[in-house]
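Here the structure comes first, spelled out in structure tokens, and everything after it is commentary.
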Amino acid sequence: MSRVAVVTGGTRGIGEAISIMLKDNGFTVAATYAGNDEAANAFSAAHGIKTYKFDVGDFDACETAIAQITADLGPVEVLVNNAGITRDGTMHRMGRDKWDAVIDTNLGSCFNMSRLVIESMREKSFGRIVNIGSINGQAGQYGQVNYAAAKSGIHGFTKALAQEGAGKGITVNAIAPGYVATEMVRAVPAEILEKIIAKIPVGRLGAANDIARGVLFLVADEAEFITGSTLSINGGQHMY
Ligand code: NDP
């Protein structure tokens, strides 16, 4: 049986690795993205994974997309809420626009997407939801009140929804990645990157596949007893 999995932000970075790992392990994957058609088309051509373009912060757009994915592939059984953005700035310089953008995209998306699949998961008495949080949601980070609040919110969201799903075969877990070598992190100046790596006991940045392995573990049918947990994958940088 091939379970239908949706990976938001599944065409680049960590999400790309998750999409590929799920496909390689027998899932039927829908990878979503916001606007980078070039990356999405290259990804789809290379890996034969269907892509869907919409804003995860927009409930109506999510509703239309979930309806399309369901028509194309079947009801969603696995949801990976991975799409996320940063709009950094210290509080005394941050406009409300940066707050709203990060809360809507990183946290509002978890509500939107989960709300739209939870009823069919309940009907099937099966579901796997994995929300991608962050080390910076656990520990905070200078210049990221918006991002840390959204990611911290994901961890509370996960525990509450896990309680609602537990009697219905639906598990809800989070992964809190440390610094992972995606485009976003590779763009950080070398001297700052060196300082970050010096704080990681394992001595390197994470790879996208390090996170994807955690997702694969949590979405397995056999992982039915793991719910409401946060798996920290950060090279020992923050033991929480
Ligand atoms: P990337 O910037 O490499 O990729 C982000 C993906 O999300 C892209 O596919 C992008 O689409 C999509 N996306 C962004 N905004 C939206 C939106 N509004 N609607 C739909 N899709 C959207 O991110 P990473 O791979 O680095 O990060 C993935 C997740 O992991 C994020 O939640 C991030 O916060 C978290 N994380 C990352 C860490 C890191 O070190 N990289 C550390 C800890 C957590 P498009 O290609 O169209 O832009």
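By convention here, the chains of the structure tokens are called A, B, ... in the order presented, each chain's residues are numbered starting at 1, and ligands are numbered starting at 1 in the order presented.
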
Within-7 Å residues of ligand 1, basis only C-alpha atoms and all ligand atoms, as number ranges by chain: A: 8-15, 32-37, 39-40, 54-57, 82-86, 105-106, 132-135, 176-185

Export of the given selection (N, CA and C atoms) as a short mmCIF file (atom, residue, chain, number, x, y, z; two decimals), in the first residue's frame:
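Contents of selection.cif, as written:
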```cif
data_model
loop_
_atom_site.label_atom_id
_atom_site.label_comp_id
_atom_site.auth_asym_id
_atom_site.auth_seq_id
_atom_site.Cartn_x
_atom_site.Cartn_y
_atom_site.Cartn_z
N THR A 8 4.91 20.17 2.51
CA THR A 8 4.88 21.59 2.13
C THR A 8 6.32 22.11 2.04
N GLY A 9 6.53 23.00 1.09
CA GLY A 9 7.92 23.44 0.84
C GLY A 9 8.78 22.24 0.47
N GLY A 10 8.18 21.34 -0.30
CA GLY A 10 8.83 20.05 -0.57
C GLY A 10 9.70 20.02 -1.80
N THR A 11 9.96 21.18 -2.39
CA THR A 11 10.72 21.20 -3.64
C THR A 11 12.16 21.68 -3.49
N ARG A 12 12.47 22.24 -2.33
CA ARG A 12 13.84 22.76 -2.11
C ARG A 12 14.28 22.43 -0.70
N GLY A 13 15.59 22.50 -0.47
CA GLY A 13 16.15 22.42 0.88
C GLY A 13 15.76 21.15 1.62
N ILE A 14 15.40 21.31 2.89
CA ILE A 14 15.05 20.17 3.74
C ILE A 14 13.84 19.44 3.17
N GLY A 15 12.87 20.21 2.70
CA GLY A 15 11.64 19.61 2.16
C GLY A 15 11.92 18.73 0.95
N THR A 32 4.74 20.65 -2.28
CA THR A 32 4.17 21.97 -2.54
C THR A 32 5.26 23.04 -2.47
N TYR A 33 4.97 24.18 -3.10
CA TYR A 33 5.92 25.30 -3.07
C TYR A 33 5.17 26.61 -3.25
N ALA A 34 5.92 27.73 -3.08
CA ALA A 34 5.25 29.03 -3.09
C ALA A 34 5.33 29.74 -4.43
N GLY A 35 6.51 29.77 -5.03
CA GLY A 35 6.62 30.58 -6.24
C GLY A 35 7.82 30.30 -7.12
N ASN A 36 8.78 29.54 -6.62
CA ASN A 36 10.00 29.28 -7.39
C ASN A 36 9.75 28.14 -8.38
N ASP A 37 9.15 28.53 -9.53
CA ASP A 37 8.78 27.53 -10.54
C ASP A 37 10.00 26.79 -11.08
N ALA A 39 12.89 26.00 -9.68
CA ALA A 39 13.35 24.94 -8.78
C ALA A 39 12.34 23.80 -8.76
N ALA A 40 11.04 24.14 -8.73
CA ALA A 40 10.00 23.10 -8.65
C ALA A 40 9.99 22.24 -9.90
N PHE A 54 1.07 26.95 -4.18
CA PHE A 54 0.09 27.79 -3.45
C PHE A 54 0.75 28.29 -2.17
N ASP A 55 0.11 29.31 -1.58
CA ASP A 55 0.62 29.93 -0.35
C ASP A 55 0.06 29.18 0.85
N VAL A 56 0.92 28.55 1.63
CA VAL A 56 0.43 27.77 2.78
C VAL A 56 -0.16 28.66 3.88
N GLY A 57 0.08 29.96 3.80
CA GLY A 57 -0.49 30.88 4.78
C GLY A 57 -1.91 31.30 4.45
N ASN A 82 6.38 21.59 6.51
CA ASN A 82 7.80 21.97 6.47
C ASN A 82 8.03 23.39 5.98
N ALA A 83 7.11 23.93 5.16
CA ALA A 83 7.35 25.25 4.56
C ALA A 83 7.60 26.29 5.64
N GLY A 84 8.61 27.11 5.43
CA GLY A 84 8.90 28.15 6.41
C GLY A 84 9.77 29.24 5.82
N ILE A 85 9.69 30.41 6.44
CA ILE A 85 10.50 31.55 5.99
C ILE A 85 11.12 32.24 7.21
N THR A 86 12.12 33.04 6.96
CA THR A 86 12.63 33.95 7.99
C THR A 86 12.47 35.39 7.48
N THR A 105 3.00 32.16 7.68
CA THR A 105 3.63 31.12 6.85
C THR A 105 4.09 29.93 7.68
N ASN A 106 4.68 30.20 8.84
CA ASN A 106 5.30 29.11 9.60
C ASN A 106 4.33 28.43 10.57
N ILE A 132 7.66 20.79 11.20
CA ILE A 132 9.08 21.14 11.31
C ILE A 132 9.23 22.43 12.13
N GLY A 133 9.75 22.28 13.32
CA GLY A 133 10.01 23.42 14.20
C GLY A 133 11.42 23.93 13.98
N SER A 134 12.10 24.25 15.07
CA SER A 134 13.48 24.74 14.95
C SER A 134 14.14 24.82 16.32
N ILE A 135 15.43 24.65 16.31
CA ILE A 135 16.23 24.88 17.52
C ILE A 135 15.96 26.31 18.05
N ALA A 176 12.73 19.37 15.55
CA ALA A 176 13.38 20.67 15.72
C ALA A 176 14.80 20.56 15.16
N PRO A 177 14.99 20.97 13.90
CA PRO A 177 16.33 20.89 13.33
C PRO A 177 17.24 21.97 13.91
N GLY A 178 18.53 21.63 13.98
CA GLY A 178 19.54 22.65 14.23
C GLY A 178 19.90 23.28 12.89
N TYR A 179 21.11 23.81 12.78
CA TYR A 179 21.51 24.49 11.54
C TYR A 179 21.80 23.46 10.45
N VAL A 180 21.07 23.58 9.35
CA VAL A 180 21.17 22.62 8.25
C VAL A 180 21.69 23.36 7.02
N ALA A 181 22.58 22.70 6.30
CA ALA A 181 23.24 23.35 5.15
C ALA A 181 22.31 23.45 3.95
N THR A 182 21.29 24.28 4.05
CA THR A 182 20.44 24.59 2.89
C THR A 182 20.92 25.94 2.35
N GLU A 183 20.29 26.37 1.27
CA GLU A 183 20.67 27.65 0.65
C GLU A 183 20.66 28.78 1.67
N MET A 184 19.62 28.76 2.54
CA MET A 184 19.45 29.82 3.54
C MET A 184 20.68 29.93 4.44
N VAL A 185 21.17 28.79 4.91
CA VAL A 185 22.29 28.79 5.85
C VAL A 185 23.62 29.00 5.10
#
```

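Note that DSSP on the backbone gives strand (DSSP E) to these residues of stretch 84-133 of chain A: Gly127, Arg128, Ile129, Val130, Asn131 and Ile132 of chain A.
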
Secondary structure check, alpha helix (DSSP H) residues of stretch 16-234 of chain A, as a ChimeraX atom specification: /A:16-24,37-47,59-73,96-102,109-124,135-139,145-165,183-186,190-198,208-219

So which residues touch A:Ile118 within 10 Å, counting only C-alpha atoms, skipping near sequence neighbours fewer than 6 positions away, as a compact mmCIF listing (two decimals) with C-alpha atoms, in the first residue's frame?
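Result file follows (out.txt):
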```
# COMPACT_ATOMS: atom_id res chain seq x y z
CA VAL A 76 -3.84 12.64 2.39
CA GLU A 77 -2.56 10.19 5.02
CA LEU A 79 1.29 15.59 6.18
CA LYS A 124 -9.70 6.48 7.95
CA PHE A 126 -5.00 6.73 10.30
CA GLY A 127 -2.82 9.79 9.98
CA ARG A 128 0.73 11.01 10.42
CA ILE A 129 1.48 14.70 10.86
CA LEU A 161 -3.30 18.08 18.26
CA GLY A 165 -5.61 12.46 17.34
CA ILE A 170 -3.41 9.92 14.12
```

Long-range neighbours of A:Ser232 as JSON, numbers by chain, 12 Å cut-off, only C-alpha atoms, 3 positions minimum in chain: {"A": [132, 133, 134, 135, 136, 137, 138, 139, 155, 173, 174, 175, 176, 177, 178, 179, 206, 210, 211, 214, 215, 229, 235, 236, 237, 238, 239, 240]}

Residue with smallest distance to A:Tyr142 - pool A:Ile154, A:Val6, A:Val130, A:Met91, counting only C-alpha atoms: A:Met91
